[in-house]
Structures are given as C-alpha cells and as structure tokens.
$ cat final.pdb   # PDB, C-alpha atoms
MODEL        1
ATOM      1  CA  MET F 176      -8.777 -14.527  -1.480
ATOM      2  CA  GLY F 177      -6.697 -14.925   1.683
ATOM      3  CA  LYS F 178      -5.593 -18.443   0.743
ATOM      4  CA  TYR F 179      -4.680 -17.252  -2.741
ATOM      5  CA  ILE F 180      -2.487 -14.454  -1.362
ATOM      6  CA  ILE F 181      -0.712 -16.848   1.002
ATOM      7  CA  ARG F 182      -0.140 -19.337  -1.812
ATOM      8  CA  ARG F 183       1.278 -16.631  -4.074
ATOM      9  CA  LEU F 184       3.605 -15.424  -1.326
ATOM     10  CA  ILE F 185       4.876 -18.996  -0.905
ATOM     11  CA  ASP F 186       5.345 -19.258  -4.681
ATOM     12  CA  LEU F 187       7.485 -16.133  -4.459
ATOM     13  CA  LEU F 188      10.270 -18.031  -2.699
ATOM     14  CA  PRO F 189      11.355 -20.286  -5.618
ATOM     15  CA  THR F 190      11.295 -17.276  -7.937
ATOM     16  CA  ILE F 191      13.566 -15.281  -5.656
ATOM     17  CA  ALA F 192      15.844 -18.290  -5.236
ATOM     18  CA  VAL F 193      16.260 -18.627  -9.015
ATOM     19  CA  VAL F 194      16.943 -14.896  -9.351
ATOM     20  CA  ALA F 195      19.533 -15.098  -6.562
ATOM     21  CA  VAL F 196      21.389 -17.921  -8.316
ATOM     22  CA  ILE F 197      21.321 -16.195 -11.708
ATOM     23  CA  VAL F 198      22.491 -12.866 -10.282
ATOM     24  CA  PHE F 199      25.317 -14.564  -8.358
ATOM     25  CA  ILE F 200      26.566 -16.289 -11.517
ATOM     26  CA  ILE F 201      26.303 -13.178 -13.706
ATOM     27  CA  THR F 202      28.084 -10.908 -11.223
ATOM     28  CA  ARG F 203      30.992 -13.341 -11.067
ATOM     29  CA  LEU F 204      31.282 -13.107 -14.856
ATOM     30  CA  ILE F 205      31.791  -9.318 -14.783
ATOM     31  CA  PRO F 206      35.352  -8.625 -16.000
ATOM     32  CA  GLY F 207      37.766  -7.001 -13.573
ATOM     33  CA  ASP F 208      38.982  -7.524 -10.041
ATOM     34  CA  PRO F 209      37.019  -5.639  -7.352
ATOM     35  CA  ALA F 210      40.100  -5.483  -5.109
ATOM     36  CA  ALA F 211      42.243  -3.972  -7.881
ATOM     37  CA  VAL F 212      39.518  -1.418  -8.698
ATOM     38  CA  MET F 213      39.171  -0.446  -5.025
ATOM     39  CA  LEU F 214      42.926   0.027  -4.479
ATOM     40  CA  GLY F 215      43.612   1.728  -7.787
ATOM     41  CA  PRO F 216      46.368   1.260 -10.369
ATOM     42  CA  GLN F 217      49.152   2.169  -7.930
ATOM     43  CA  ALA F 218      48.526  -0.812  -5.653
ATOM     44  CA  SER F 219      51.014  -3.648  -5.563
ATOM     45  CA  VAL F 220      50.165  -7.273  -6.262
ATOM     46  CA  GLU F 221      50.628  -8.120  -2.580
ATOM     47  CA  GLU F 222      48.188  -5.406  -1.511
ATOM     48  CA  VAL F 223      45.580  -6.602  -4.014
ATOM     49  CA  GLU F 224      45.956 -10.211  -2.867
ATOM     50  CA  ALA F 225      45.665  -9.177   0.778
ATOM     51  CA  LEU F 226      42.453  -7.279   0.081
ATOM     52  CA  ARG F 227      41.027 -10.179  -1.937
ATOM     53  CA  GLU F 228      41.714 -12.468   1.013
ATOM     54  CA  SER F 229      40.065 -10.111   3.497
ATOM     55  CA  LEU F 230      36.991  -9.778   1.254
ATOM     56  CA  GLY F 231      36.702 -13.541   0.809
ATOM     57  CA  LEU F 232      37.236 -13.346  -2.952
ATOM     58  CA  ASN F 233      39.897 -16.045  -2.908
ATOM     59  CA  ALA F 234      37.436 -18.617  -1.565
ATOM     60  CA  PRO F 235      36.004 -21.163  -4.050
ATOM     61  CA  LEU F 236      32.837 -20.055  -5.817
ATOM     62  CA  TYR F 237      30.677 -22.676  -4.111
ATOM     63  CA  VAL F 238      31.851 -21.382  -0.715
ATOM     64  CA  GLN F 239      31.063 -17.806  -1.726
ATOM     65  CA  PHE F 240      27.643 -18.939  -2.954
ATOM     66  CA  LEU F 241      26.827 -20.812   0.259
ATOM     67  CA  ASN F 242      27.864 -17.783   2.310
ATOM     68  CA  TYR F 243      25.714 -15.564   0.071
ATOM     69  CA  ILE F 244      22.621 -17.771   0.451
ATOM     70  CA  GLY F 245      23.199 -18.113   4.172
ATOM     71  CA  ASP F 246      23.308 -14.334   4.564
ATOM     72  CA  LEU F 247      20.090 -13.971   2.528
ATOM     73  CA  LEU F 248      18.293 -16.481   4.739
ATOM     74  CA  ARG F 249      19.224 -14.308   7.711
ATOM     75  CA  GLY F 250      17.967 -11.218   5.917
ATOM     76  CA  ASP F 251      21.480  -9.903   5.369
ATOM     77  CA  PHE F 252      22.101  -8.506   1.871
ATOM     78  CA  GLY F 253      25.768  -7.948   2.660
ATOM     79  CA  VAL F 254      28.028  -4.909   2.887
ATOM     80  CA  SER F 255      29.134  -2.858  -0.115
ATOM     81  CA  LEU F 256      32.756  -3.323  -1.112
ATOM     82  CA  THR F 257      33.182   0.313  -2.146
ATOM     83  CA  TYR F 258      30.703   2.246   0.011
ATOM     84  CA  ASN F 259      31.418   0.116   3.099
ATOM     85  CA  GLU F 260      27.743   0.357   4.049
ATOM     86  CA  PRO F 261      25.044  -2.307   4.415
ATOM     87  CA  ILE F 262      23.251  -2.929   1.124
ATOM     88  CA  ILE F 263      19.865  -2.461   2.796
ATOM     89  CA  GLN F 264      20.900   1.031   3.888
ATOM     90  CA  LEU F 265      22.014   1.926   0.362
ATOM     91  CA  ILE F 266      18.733   0.622  -1.055
ATOM     92  CA  MET F 267      16.653   2.530   1.485
ATOM     93  CA  ASP F 268      18.558   5.721   0.648
ATOM     94  CA  ARG F 269      18.131   5.359  -3.130
ATOM     95  CA  PHE F 270      14.828   3.519  -3.587
ATOM     96  CA  PRO F 271      12.568   6.460  -2.575
ATOM     97  CA  ASN F 272      14.224   8.571  -5.295
ATOM     98  CA  THR F 273      13.571   5.898  -7.920
ATOM     99  CA  LEU F 274      10.009   5.489  -6.628
ATOM    100  CA  ILE F 275       9.356   9.218  -6.989
ATOM    101  CA  LEU F 276      10.634   9.168 -10.557
ATOM    102  CA  ALA F 277       8.712   5.990 -11.460
ATOM    103  CA  ILE F 278       5.418   7.214  -9.980
ATOM    104  CA  SER F 279       5.754  10.581 -11.728
ATOM    105  CA  ALA F 280       6.423   8.853 -15.045
ATOM    106  CA  LEU F 281       3.515   6.448 -14.476
ATOM    107  CA  ILE F 282       1.097   9.303 -13.745
ATOM    108  CA  ILE F 283       2.156  11.121 -16.917
ATOM    109  CA  ALA F 284       1.915   7.945 -18.977
ATOM    110  CA  PHE F 285      -1.524   7.021 -17.606
ATOM    111  CA  MET F 286      -3.023  10.514 -17.792
ATOM    112  CA  VAL F 287      -1.913  10.957 -21.410
ATOM    113  CA  GLY F 288      -1.888   7.421 -22.818
ATOM    114  CA  VAL F 289      -5.276   6.176 -21.582
ATOM    115  CA  PRO F 290      -7.339   9.174 -22.781
ATOM    116  CA  ALA F 291      -5.469   9.061 -26.084
ATOM    117  CA  GLY F 292      -6.400   5.386 -26.477
ATOM    118  CA  ILE F 293     -10.046   6.064 -25.596
ATOM    119  CA  ILE F 294     -10.295   8.938 -28.064
ATOM    120  CA  SER F 295      -8.571   6.885 -30.750
ATOM    121  CA  ALA F 296     -11.011   3.994 -30.261
ATOM    122  CA  SER F 297     -14.084   6.253 -30.273
ATOM    123  CA  LYS F 298     -12.861   7.849 -33.535
ATOM    124  CA  GLN F 299     -11.794   4.602 -35.215
ATOM    125  CA  ASN F 300     -10.335   4.886 -38.733
ATOM    126  CA  SER F 301     -10.318   8.677 -38.576
ATOM    127  CA  LEU F 302      -7.320  10.966 -39.064
ATOM    128  CA  LEU F 303      -7.169  11.422 -35.292
ATOM    129  CA  ASP F 304      -7.065   7.651 -34.782
ATOM    130  CA  TYR F 305      -4.225   7.228 -37.269
ATOM    131  CA  SER F 306      -2.322  10.143 -35.740
ATOM    132  CA  VAL F 307      -2.540   8.726 -32.210
ATOM    133  CA  MET F 308      -1.406   5.290 -33.359
ATOM    134  CA  LEU F 309       1.487   6.774 -35.341
ATOM    135  CA  VAL F 310       2.679   8.769 -32.327
ATOM    136  CA  SER F 311       2.287   5.674 -30.153
ATOM    137  CA  LEU F 312       4.369   3.614 -32.567
ATOM    138  CA  ILE F 313       7.090   6.254 -32.510
ATOM    139  CA  GLY F 314       6.942   6.384 -28.702
ATOM    140  CA  VAL F 315       7.337   2.614 -28.330
ATOM    141  CA  SER F 316      10.221   2.532 -30.791
ATOM    142  CA  MET F 317      12.112   5.570 -29.518
ATOM    143  CA  PRO F 318      15.321   4.789 -27.551
ATOM    144  CA  ILE F 319      15.203   6.280 -24.051
ATOM    145  CA  PHE F 320      18.834   7.359 -24.080
ATOM    146  CA  TRP F 321      18.345   9.306 -27.336
ATOM    147  CA  LEU F 322      15.152  10.986 -26.142
ATOM    148  CA  GLY F 323      16.761  11.958 -22.827
ATOM    149  CA  VAL F 324      19.745  13.552 -24.554
ATOM    150  CA  MET F 325      17.486  15.429 -27.001
ATOM    151  CA  LEU F 326      15.327  16.779 -24.177
ATOM    152  CA  VAL F 327      18.395  17.966 -22.299
ATOM    153  CA  LEU F 328      19.835  19.563 -25.430
ATOM    154  CA  TYR F 329      16.640  21.444 -26.291
ATOM    155  CA  PHE F 330      14.982  22.297 -22.989
ATOM    156  CA  SER F 331      18.088  22.648 -20.816
ATOM    157  CA  VAL F 332      20.913  23.781 -23.073
ATOM    158  CA  ASN F 333      19.018  25.801 -25.703
ATOM    159  CA  LEU F 334      16.010  27.128 -23.772
ATOM    160  CA  GLY F 335      17.289  26.850 -20.204
ATOM    161  CA  TRP F 336      13.839  25.959 -18.880
ATOM    162  CA  PHE F 337      14.797  22.906 -16.827
ATOM    163  CA  PRO F 338      17.950  21.668 -15.076
ATOM    164  CA  ALA F 339      19.942  19.129 -17.080
ATOM    165  CA  THR F 340      21.012  16.884 -14.207
ATOM    166  CA  GLY F 341      20.458  16.222 -10.533
ATOM    167  CA  MET F 342      17.427  15.665  -8.367
ATOM    168  CA  GLY F 343      17.203  18.951  -6.525
ATOM    169  CA  SER F 344      16.034  19.380  -2.954
ATOM    170  CA  MET F 345      12.836  20.466  -1.270
ATOM    171  CA  ASP F 346      14.986  22.952   0.662
ATOM    172  CA  GLU F 347      15.391  24.856  -2.607
ATOM    173  CA  GLY F 348      11.623  25.109  -2.995
ATOM    174  CA  LEU F 349       8.890  22.983  -4.555
ATOM    175  CA  ILE F 350       9.129  24.648  -7.971
ATOM    176  CA  THR F 351      12.859  23.982  -8.236
ATOM    177  CA  TYR F 352      12.336  20.386  -7.144
ATOM    178  CA  LEU F 353       9.608  19.825  -9.753
ATOM    179  CA  LYS F 354      11.760  21.375 -12.478
ATOM    180  CA  HIS F 355      14.402  18.722 -11.828
ATOM    181  CA  LEU F 356      11.687  16.067 -12.111
ATOM    182  CA  VAL F 357      10.105  17.127 -15.410
ATOM    183  CA  LEU F 358      12.626  15.948 -18.012
ATOM    184  CA  PRO F 359      13.494  12.546 -16.480
ATOM    185  CA  SER F 360       9.799  11.832 -15.848
ATOM    186  CA  ILE F 361       8.847  12.581 -19.454
ATOM    187  CA  THR F 362      11.760  10.503 -20.733
ATOM    188  CA  LEU F 363      10.812   7.522 -18.588
ATOM    189  CA  ALA F 364       7.084   7.915 -19.354
ATOM    190  CA  THR F 365       7.387   7.801 -23.157
ATOM    191  CA  ILE F 366       7.278   4.030 -23.704
ATOM    192  CA  PRO F 367       4.569   3.331 -21.062
ATOM    193  CA  MET F 368       2.526   6.217 -22.456
ATOM    194  CA  ALA F 369       2.559   4.738 -25.949
ATOM    195  CA  THR F 370       1.855   1.258 -24.576
ATOM    196  CA  PHE F 371      -1.162   2.481 -22.580
ATOM    197  CA  ALA F 372      -2.557   4.209 -25.654
ATOM    198  CA  ARG F 373      -2.280   1.115 -27.865
ATOM    199  CA  ILE F 374      -3.638  -1.335 -25.268
ATOM    200  CA  THR F 375      -6.499   0.990 -24.299
ATOM    201  CA  ARG F 376      -7.492   1.421 -27.929
ATOM    202  CA  SER F 377      -7.499  -2.329 -28.605
ATOM    203  CA  SER F 378      -9.445  -3.116 -25.447
ATOM    204  CA  MET F 379     -11.969  -0.325 -26.049
ATOM    205  CA  LEU F 380     -12.588  -1.423 -29.640
ATOM    206  CA  GLU F 381     -13.419  -4.921 -28.429
ATOM    207  CA  VAL F 382     -15.817  -3.623 -25.777
ATOM    208  CA  ILE F 383     -17.479  -0.997 -27.982
ATOM    209  CA  SER F 384     -18.576  -3.697 -30.426
ATOM    210  CA  GLN F 385     -20.531  -5.551 -27.709
ATOM    211  CA  ASP F 386     -24.340  -5.602 -27.723
ATOM    212  CA  TYR F 387     -24.781  -3.935 -24.342
ATOM    213  CA  ILE F 388     -22.937  -0.844 -25.640
ATOM    214  CA  LYS F 389     -25.333  -0.681 -28.578
ATOM    215  CA  THR F 390     -28.223  -1.045 -26.112
ATOM    216  CA  ALA F 391     -26.895   1.809 -23.977
ATOM    217  CA  ARG F 392     -26.691   4.021 -27.044
ATOM    218  CA  SER F 393     -30.189   3.059 -28.156
ATOM    219  CA  LYS F 394     -31.521   4.208 -24.771
ATOM    220  CA  GLY F 395     -30.349   7.702 -25.559
ATOM    221  CA  LEU F 396     -27.296   7.864 -23.307
ATOM    222  CA  GLY F 397     -24.720  10.413 -24.351
ATOM    223  CA  GLU F 398     -21.570   9.117 -26.010
ATOM    224  CA  PHE F 399     -19.434  10.417 -23.145
ATOM    225  CA  TRP F 400     -21.344   8.362 -20.561
ATOM    226  CA  VAL F 401     -21.452   5.304 -22.793
ATOM    227  CA  ILE F 402     -17.680   5.379 -23.178
ATOM    228  CA  CYS F 403     -16.720   6.331 -19.620
ATOM    229  CA  LYS F 404     -19.363   4.522 -17.562
ATOM    230  CA  HIS F 405     -19.935   1.336 -19.545
ATOM    231  CA  ALA F 406     -17.145   0.741 -22.040
ATOM    232  CA  PHE F 407     -14.058   1.847 -20.113
ATOM    233  CA  LYS F 408     -14.938  -0.067 -16.942
ATOM    234  CA  ASN F 409     -15.103  -3.343 -18.865
ATOM    235  CA  ALA F 410     -11.985  -2.504 -20.865
ATOM    236  CA  LEU F 411     -10.000  -1.874 -17.686
ATOM    237  CA  THR F 412      -8.991  -5.481 -16.938
ATOM    238  CA  PRO F 413      -6.431  -5.856 -19.760
ATOM    239  CA  LEU F 414      -5.120  -2.416 -18.856
ATOM    240  CA  LEU F 415      -4.432  -3.595 -15.301
ATOM    241  CA  THR F 416      -2.097  -6.272 -16.624
ATOM    242  CA  VAL F 417      -0.150  -3.702 -18.596
ATOM    243  CA  LEU F 418      -0.172  -1.333 -15.621
ATOM    244  CA  GLY F 419       1.438  -3.939 -13.383
ATOM    245  CA  MET F 420       4.065  -4.739 -15.984
ATOM    246  CA  GLN F 421       4.836  -1.060 -16.535
ATOM    247  CA  ILE F 422       5.287  -0.383 -12.817
ATOM    248  CA  SER F 423       7.877  -3.133 -12.629
ATOM    249  CA  SER F 424       9.480  -2.025 -15.888
ATOM    250  CA  LEU F 425       9.739   1.561 -14.686
ATOM    251  CA  LEU F 426      11.551   0.494 -11.517
ATOM    252  CA  GLY F 427      13.980  -1.648 -13.468
ATOM    253  CA  GLY F 428      14.145   0.511 -16.579
ATOM    254  CA  ALA F 429      15.109   3.675 -14.725
ATOM    255  CA  VAL F 430      18.774   2.714 -15.127
ATOM    256  CA  LEU F 431      19.270   4.635 -18.395
ATOM    257  CA  THR F 432      17.130   7.598 -17.347
ATOM    258  CA  GLU F 433      18.860   7.985 -13.995
ATOM    259  CA  THR F 434      22.256   7.729 -15.659
ATOM    260  CA  ILE F 435      21.448  10.402 -18.259
ATOM    261  CA  PHE F 436      20.046  12.862 -15.728
ATOM    262  CA  SER F 437      22.363  11.921 -12.806
ATOM    263  CA  TRP F 438      19.310  11.012 -10.757
ATOM    264  CA  PRO F 439      20.436   9.460  -7.438
ATOM    265  CA  GLY F 440      18.268   6.354  -7.556
ATOM    266  CA  MET F 441      18.550   2.591  -7.735
ATOM    267  CA  GLY F 442      19.457   2.587 -11.423
ATOM    268  CA  ARG F 443      22.362   4.944 -10.904
ATOM    269  CA  LEU F 444      23.476   2.859  -7.929
ATOM    270  CA  ILE F 445      23.549  -0.299 -10.084
ATOM    271  CA  VAL F 446      25.535   1.410 -12.851
ATOM    272  CA  ASP F 447      28.086   2.783 -10.376
ATOM    273  CA  ALA F 448      28.357  -0.624  -8.712
ATOM    274  CA  ILE F 449      29.041  -2.339 -12.042
ATOM    275  CA  ASP F 450      31.645   0.286 -12.904
ATOM    276  CA  LYS F 451      33.379  -0.286  -9.570
ATOM    277  CA  ARG F 452      32.967  -4.096  -9.757
ATOM    278  CA  ASP F 453      30.954  -3.993  -6.536
ATOM    279  CA  PHE F 454      29.052  -7.227  -7.178
ATOM    280  CA  VAL F 455      27.595  -7.246  -3.671
ATOM    281  CA  VAL F 456      25.606  -4.095  -4.446
ATOM    282  CA  VAL F 457      24.524  -5.497  -7.833
ATOM    283  CA  GLN F 458      23.304  -8.716  -6.201
ATOM    284  CA  GLY F 459      21.340  -6.929  -3.508
ATOM    285  CA  THR F 460      19.716  -4.291  -5.706
ATOM    286  CA  VAL F 461      18.693  -6.704  -8.473
ATOM    287  CA  LEU F 462      17.258  -9.113  -5.929
ATOM    288  CA  PHE F 463      15.337  -6.275  -4.289
ATOM    289  CA  ILE F 464      13.877  -5.211  -7.653
ATOM    290  CA  ALA F 465      12.878  -8.833  -8.325
ATOM    291  CA  VAL F 466      10.944  -8.935  -5.041
ATOM    292  CA  ILE F 467       9.171  -5.690  -5.945
ATOM    293  CA  PHE F 468       8.335  -7.105  -9.385
ATOM    294  CA  VAL F 469       6.662 -10.199  -7.915
ATOM    295  CA  LEU F 470       4.765  -8.192  -5.282
ATOM    296  CA  VAL F 471       3.456  -5.795  -7.924
ATOM    297  CA  ASN F 472       2.171  -8.735  -9.992
ATOM    298  CA  LEU F 473       0.429 -10.082  -6.895
ATOM    299  CA  PHE F 474      -1.177  -6.676  -6.310
ATOM    300  CA  VAL F 475      -2.416  -6.585  -9.910
ATOM    301  CA  ASP F 476      -4.000 -10.031  -9.533
ATOM    302  CA  ILE F 477      -5.812  -8.824  -6.420
ATOM    303  CA  MET F 478      -7.030  -5.744  -8.286
ATOM    304  CA  TYR F 479      -8.600  -8.058 -10.871
ATOM    305  CA  LYS F 480     -10.992  -9.208  -8.156
ATOM    306  CA  VAL F 481     -11.806  -5.627  -7.206
ATOM    307  CA  VAL F 482     -12.501  -4.559 -10.792
ATOM    308  CA  ASN F 483     -14.207  -7.791 -11.853
ATOM    309  CA  PRO F 484     -15.822  -9.731  -8.948
ATOM    310  CA  ARG F 485     -16.421 -12.675 -11.313
ATOM    311  CA  VAL F 486     -12.697 -13.497 -11.236
ATOM    312  CA  ASN F 487     -12.217 -16.725  -9.279
ATOM    313  CA  PHE F 488      -8.974 -17.406  -7.380
ATOM    314  CA  THR F 489      -9.939 -20.868  -6.210
ATOM    315  CA  SER F 490      -8.842 -22.728  -9.326
ATOM    316  CA  LYS F 491      -5.531 -24.490  -9.457
ATOM    317  CA  GLY F 492      -4.087 -22.068 -11.985
ATOM    318  CA  GLY F 493      -4.966 -19.060  -9.840
ATOM    319  CA  THR F 494      -7.720 -17.445 -11.913
ATOM    320  CA  LYS F 495     -10.381 -18.670 -14.258
TER
ENDMDL
END
$ encode --input "final.pdb" --output "structure tokens"
Amino acid sequence: MGKYIIRRLIDLLPTIAVVAVIVFIITRLIPGDPAAVMLGPQASVEEVEALRESLGLNAPLYVQFLNYIGDLLRGDFGVSLTYNEPIIQLIMDRFPNTLILAISALIIAFMVGVPAGIISASKQNSLLDYSVMLVSLIGVSMPIFWLGVMLVLYFSVNLGWFPATGMGSMDEGLITYLKHLVLPSITLATIPMATFARITRSSMLEVISQDYIKTARSKGLGEFWVICKHAFKNALTPLLTVLGMQISSLLGGAVLTETIFSWPGMGRLIVDAIDKRDFVVVQGTVLFIAVIFVLVNLFVDIMYKVVNPRVNFTSKGGTK
C-alpha cells in the first residue's frame, strides 16, 4: 500500500505539468489586454505600455512560460494582477468557502440519492422504481444555472424563506448562516444526487441477483438486513468511484452556482479573474483544483482497499 501511494504521488507530477502547460496556453488566448483592463478606458497608450512592461507582458511567450514554470517549481503561484495579493493567499481565503458548499451539496446528494437508488432497486419495475428513475433523469439533465435562478425566484423572491445571494456570517447566527447555504447547496447537489441514485440502483440490481443474497433470504433474514448488511456493502465499490468523481466535479463545477448566488468561493474568484483578464489567478486556481482532483482520486483508490481487502495494488496497472 505504501509503495502504491508513493508511486501515485510521483505519477501526479506529469499530470500537473500537462495541466500547467494547457492552462498557460489557454489563458494567453483570452481576448483583452490585462493592463488596459486594470487602468480603465481613460488610460493612454503610453500608460498601458508602461504597465505591460512592468508586468512582464511584453516578454516573449516562451520567456513568460519559463518564468511561470520556474515560479511553480519554487512553490510560487504568482501575484494577482488585480488584487495585488499572492495567489496562494487568495486561494486560502476562498477555498474553505467552496469546500463548505461542496461538502454540503455532497451530503445532500448522498443522503437522498443513495437511499433512493436502494429503494428503486428493491422495488424493481414498480411505479416507485420508474418514478425514481424519471426524477433522476430530470436531475441529470437539468441545467444548474436554470435551477438556481428558479430556486431564487420561488424561495427567495416569492416566499422570502431564504436569502438570494451571499454567504452570510456566523456572527449573524447559525440559523442565518445555514439559510444562506440551503439554496446553493441544493442547486449544486442536484446532478450528483441523480447520479448517485442511478449508479446505486444499477449496482444493487447486480448484487441482488447473486446467489448469496438468495441464500441470505432463504435463511429467514429480513429484507432490510439483506439489503443493508449484505447487498449494499458489496454494491459500494462502484459507488466509491462515482463519489470520488463527484467530489472533484463539485469543486470544479461550483463556478456557476457560486456566480448565481454570489458565493465568495473559488468559482467566483475564477469568473472575476477571467472578467478582469487576470490570467495569473486563473492559472493558479485551475492548477490548484487539478491537484485536488488527483489527490481525491488517490484517496478513492485507497478506500477501495478498505472496503474490499481483495483489491491488490501490487500489479503494474495499480489494481487487479
């Protein structure tokens, strides 16, 4: 296990290097001049050129790239062009907010989607099964930006139950803070919730048809214990794969949700940086999310061993 973890951490480096190159190229393709955006429309050509020179934007692209890679090797993500703060500081200020939102959405998705999938599988081909799958299909297909706007329109504007925007503060009280969290969490949880339900149903149906489940039933065990103790444990492995993917997707997919609800997280930071042509912030935040994505996948692989001790990490491909 230890050797596998070390090998995976070493394999992380080429992945991050590829992401760094791709992000550098894409950010340079963003239309607009960061210096002109920073100075505003009233700035003269000379002032814009002077700022470009001071920021190093007039240097050839290969020089900018070498400087960028050199800073990364020293652990320096750079300094924001607009905020004039180190990128690491901006990430540390915003990432906890995104993490709170992502974890809340993941809890909602897991607590609703997994039981729905289990119930759907145990009642296969019934009206309840068809209803759960129909709702799941709608949930997977529903655009996040549309759902977020509809939730704000109904629950904030019409009913006034929840705040429409902002994160709130614990200084205002726990209830007020949670009210700010409800709508963005539900919006972000919709797609993972539907995904959990569909994957859980498929995995449970495969396990329920096995002989040892029939044996457990023939011994007189109640259906609840057959499903929860025997079937669900063996159906959990495919769900772990989806869980790892959803964690990463929630961190990266919070861009739309945070923009709709003005949630001060990483997604909102990326959108603001793109709007202000602050490519340094875009590079640093995307690279940070890529690192989190790889680490989450590593964690999921380790959890395979915990859930299923028969998983072997000694093979060349990692597992077998």
$ closest_residue --input "final.pdb" --among "F:Ile350, F:Ile435, F:Leu334, F:Val382" --to "Ile319 in chain F" --atoms "all atoms listed in the file"
F:Ile435
$ atom_distance --input "final.pdb" --atom1 "CA of Val289 in chain F" --atom2 "CA of Phe320 in chain F"
24.3 Å
$ closest_atom_pairs --input "final.pdb" --of "range 324-375 of chain F" --to "range 301-312 of chain F" --cutoff "12 Å" --atoms "all atoms listed in the file" --output "JSON lines"
{"residue": "F:Thr365", "atom": "CA", "partner": "F:Ser311", "partner_atom": "CA", "distance": 8.9}
{"residue": "F:Ile366", "atom": "CA", "partner": "F:Ser311", "partner_atom": "CA", "distance": 8.3}
{"residue": "F:Pro367", "atom": "CA", "partner": "F:Ser311", "partner_atom": "CA", "distance": 9.7}
{"residue": "F:Met368", "atom": "CA", "partner": "F:Ser311", "partner_atom": "CA", "distance": 7.7}
{"residue": "F:Ala369", "atom": "CA", "partner": "F:Ser311", "partner_atom": "CA", "distance": 4.3}
{"residue": "F:Thr370", "atom": "CA", "partner": "F:Ser311", "partner_atom": "CA", "distance": 7.1}
{"residue": "F:Phe371", "atom": "CA", "partner": "F:Ser311", "partner_atom": "CA", "distance": 8.9}
{"residue": "F:Ala372", "atom": "CA", "partner": "F:Ser311", "partner_atom": "CA", "distance": 6.8}
{"residue": "F:Arg373", "atom": "CA", "partner": "F:Ser311", "partner_atom": "CA", "distance": 6.8}
{"residue": "F:Ile374", "atom": "CA", "partner": "F:Ser311", "partner_atom": "CA", "distance": 10.4}
{"residue": "F:Thr375", "atom": "CA", "partner": "F:Met308", "partner_atom": "CA", "distance": 11.2}
$ residues_around --input "final.pdb" --residues "Ala448 in chain F" --least-positions-apart "4" --cutoff "10 Å" --atoms "only C-alpha atoms" --output "PyMOL selection string"
chain F and resi 255-258+442-444+452-458+460
$ write_last_selection --input "final.pdb" --atoms "C-alpha atoms" --output "compact mmCIF listing (two decimals), in the coordinates of the input"
# COMPACT_ATOMS: atom_id res chain seq x y z
CA SER F 255 29.13 -2.86 -0.12
CA LEU F 256 32.76 -3.32 -1.11
CA THR F 257 33.18 0.31 -2.15
CA TYR F 258 30.70 2.25 0.01
CA GLY F 442 19.46 2.59 -11.42
CA ARG F 443 22.36 4.94 -10.90
CA LEU F 444 23.48 2.86 -7.93
CA ARG F 452 32.97 -4.10 -9.76
CA ASP F 453 30.95 -3.99 -6.54
CA PHE F 454 29.05 -7.23 -7.18
CA VAL F 455 27.60 -7.25 -3.67
CA VAL F 456 25.61 -4.10 -4.45
CA VAL F 457 24.52 -5.50 -7.83
CA GLN F 458 23.30 -8.72 -6.20
CA THR F 460 19.72 -4.29 -5.71
$ atom_distance --input "final.pdb" --atom1 "CA of Asp447 in chain F" --atom2 "CA of Pro189 in chain F"
28.9 Å
$ atom_distance --input "final.pdb" --atom1 "CA of Ser344 in chain F" --atom2 "CA of Arg269 in chain F"
14.2 Å
$ closest_residue --input "final.pdb" --among "F:Pro206, F:Gly245, F:Gly419, F:Pro413" --to "Leu470 in chain F" --atoms "all atoms listed in the file"
F:Gly419
$ resolve_selection --input "final.pdb" --expression "the PyMOL selection byres ((chain F and resi 237-243) around 10)" --output "tab-separated table (two decimals) with C-alpha atoms, in the coordinates of the input"
chain	number	residue	atom	x	y	z
F	195	ALA	CA	19.53	-15.10	-6.56
F	196	VAL	CA	21.39	-17.92	-8.32
F	199	PHE	CA	25.32	-14.56	-8.36
F	200	ILE	CA	26.57	-16.29	-11.52
F	231	GLY	CA	36.70	-13.54	0.81
F	232	LEU	CA	37.24	-13.35	-2.95
F	233	ASN	CA	39.90	-16.05	-2.91
F	234	ALA	CA	37.44	-18.62	-1.56
F	235	PRO	CA	36.00	-21.16	-4.05
F	236	LEU	CA	32.84	-20.06	-5.82
F	244	ILE	CA	22.62	-17.77	0.45
F	245	GLY	CA	23.20	-18.11	4.17
F	246	ASP	CA	23.31	-14.33	4.56
F	247	LEU	CA	20.09	-13.97	2.53
F	248	LEU	CA	18.29	-16.48	4.74
F	251	ASP	CA	21.48	-9.90	5.37
F	252	PHE	CA	22.10	-8.51	1.87
F	253	GLY	CA	25.77	-7.95	2.66
F	455	VAL	CA	27.60	-7.25	-3.67
F	458	GLN	CA	23.30	-8.72	-6.20
$ resolve_selection --input "final.pdb" --expression "the PyMOL selection byres ((chain F and resi 416) around 12)" --output "PyMOL selection string"
chain F and resi 370-371+374-375+378+410-415+417-423+471-479
$ residues_around --input "final.pdb" --residues "Met441 in chain F" --least-positions-apart "4" --cutoff "9 Å" --atoms "all atoms listed in the file" --output "list in words"
Leu265, Ile266, Asp268, Arg269, Phe270, Pro271, Asn272, Thr273, Leu426, Gly427, Ala429, Val430, Glu433, Ile445, Val446 and Thr460 of chain F
$ write_last_selection --input "final.pdb" --atoms "C-alpha atoms" --output "short mmCIF file (atom, residue, chain, number, x, y, z; two decimals), keeping the file's coordinate frame"
data_model
loop_
_atom_site.label_atom_id
_atom_site.label_comp_id
_atom_site.auth_asym_id
_atom_site.auth_seq_id
_atom_site.Cartn_x
_atom_site.Cartn_y
_atom_site.Cartn_z
CA LEU F 265 22.01 1.93 0.36
CA ILE F 266 18.73 0.62 -1.06
CA ASP F 268 18.56 5.72 0.65
CA ARG F 269 18.13 5.36 -3.13
CA PHE F 270 14.83 3.52 -3.59
CA PRO F 271 12.57 6.46 -2.58
CA ASN F 272 14.22 8.57 -5.30
CA THR F 273 13.57 5.90 -7.92
CA LEU F 426 11.55 0.49 -11.52
CA GLY F 427 13.98 -1.65 -13.47
CA ALA F 429 15.11 3.68 -14.72
CA VAL F 430 18.77 2.71 -15.13
CA GLU F 433 18.86 7.98 -14.00
CA ILE F 445 23.55 -0.30 -10.08
CA VAL F 446 25.54 1.41 -12.85
CA THR F 460 19.72 -4.29 -5.71
#
$ resolve_selection --input "final.pdb" --expression "the PyMOL selection byres ((chain F and resi 359) around 12)" --output "NGL selection string"
:F and (272-273 or 275-281 or 283 or 319-320 or 322-327 or 330-331 or 337-342 or 353-358 or 360-365 or 425 or 429-440)
$ closest_residue --input "final.pdb" --among "F:Asp346, F:Gly459, F:Met379, F:Pro209" --to "Gln264 in chain F" --atoms "all atoms listed in the file"
F:Gly459
$ closest_residue --input "final.pdb" --among "F:Ala210, F:Ala465, F:Val194, F:Ile293" --to "Glu222 in chain F" --atoms "all atoms listed in the file"
F:Ala210
$ closest_residue --input "final.pdb" --among "F:Arg376, F:Asn333, F:Pro318, F:Glu260" --to "Asn300 in chain F" --atoms "all atoms listed in the file"
F:Arg376
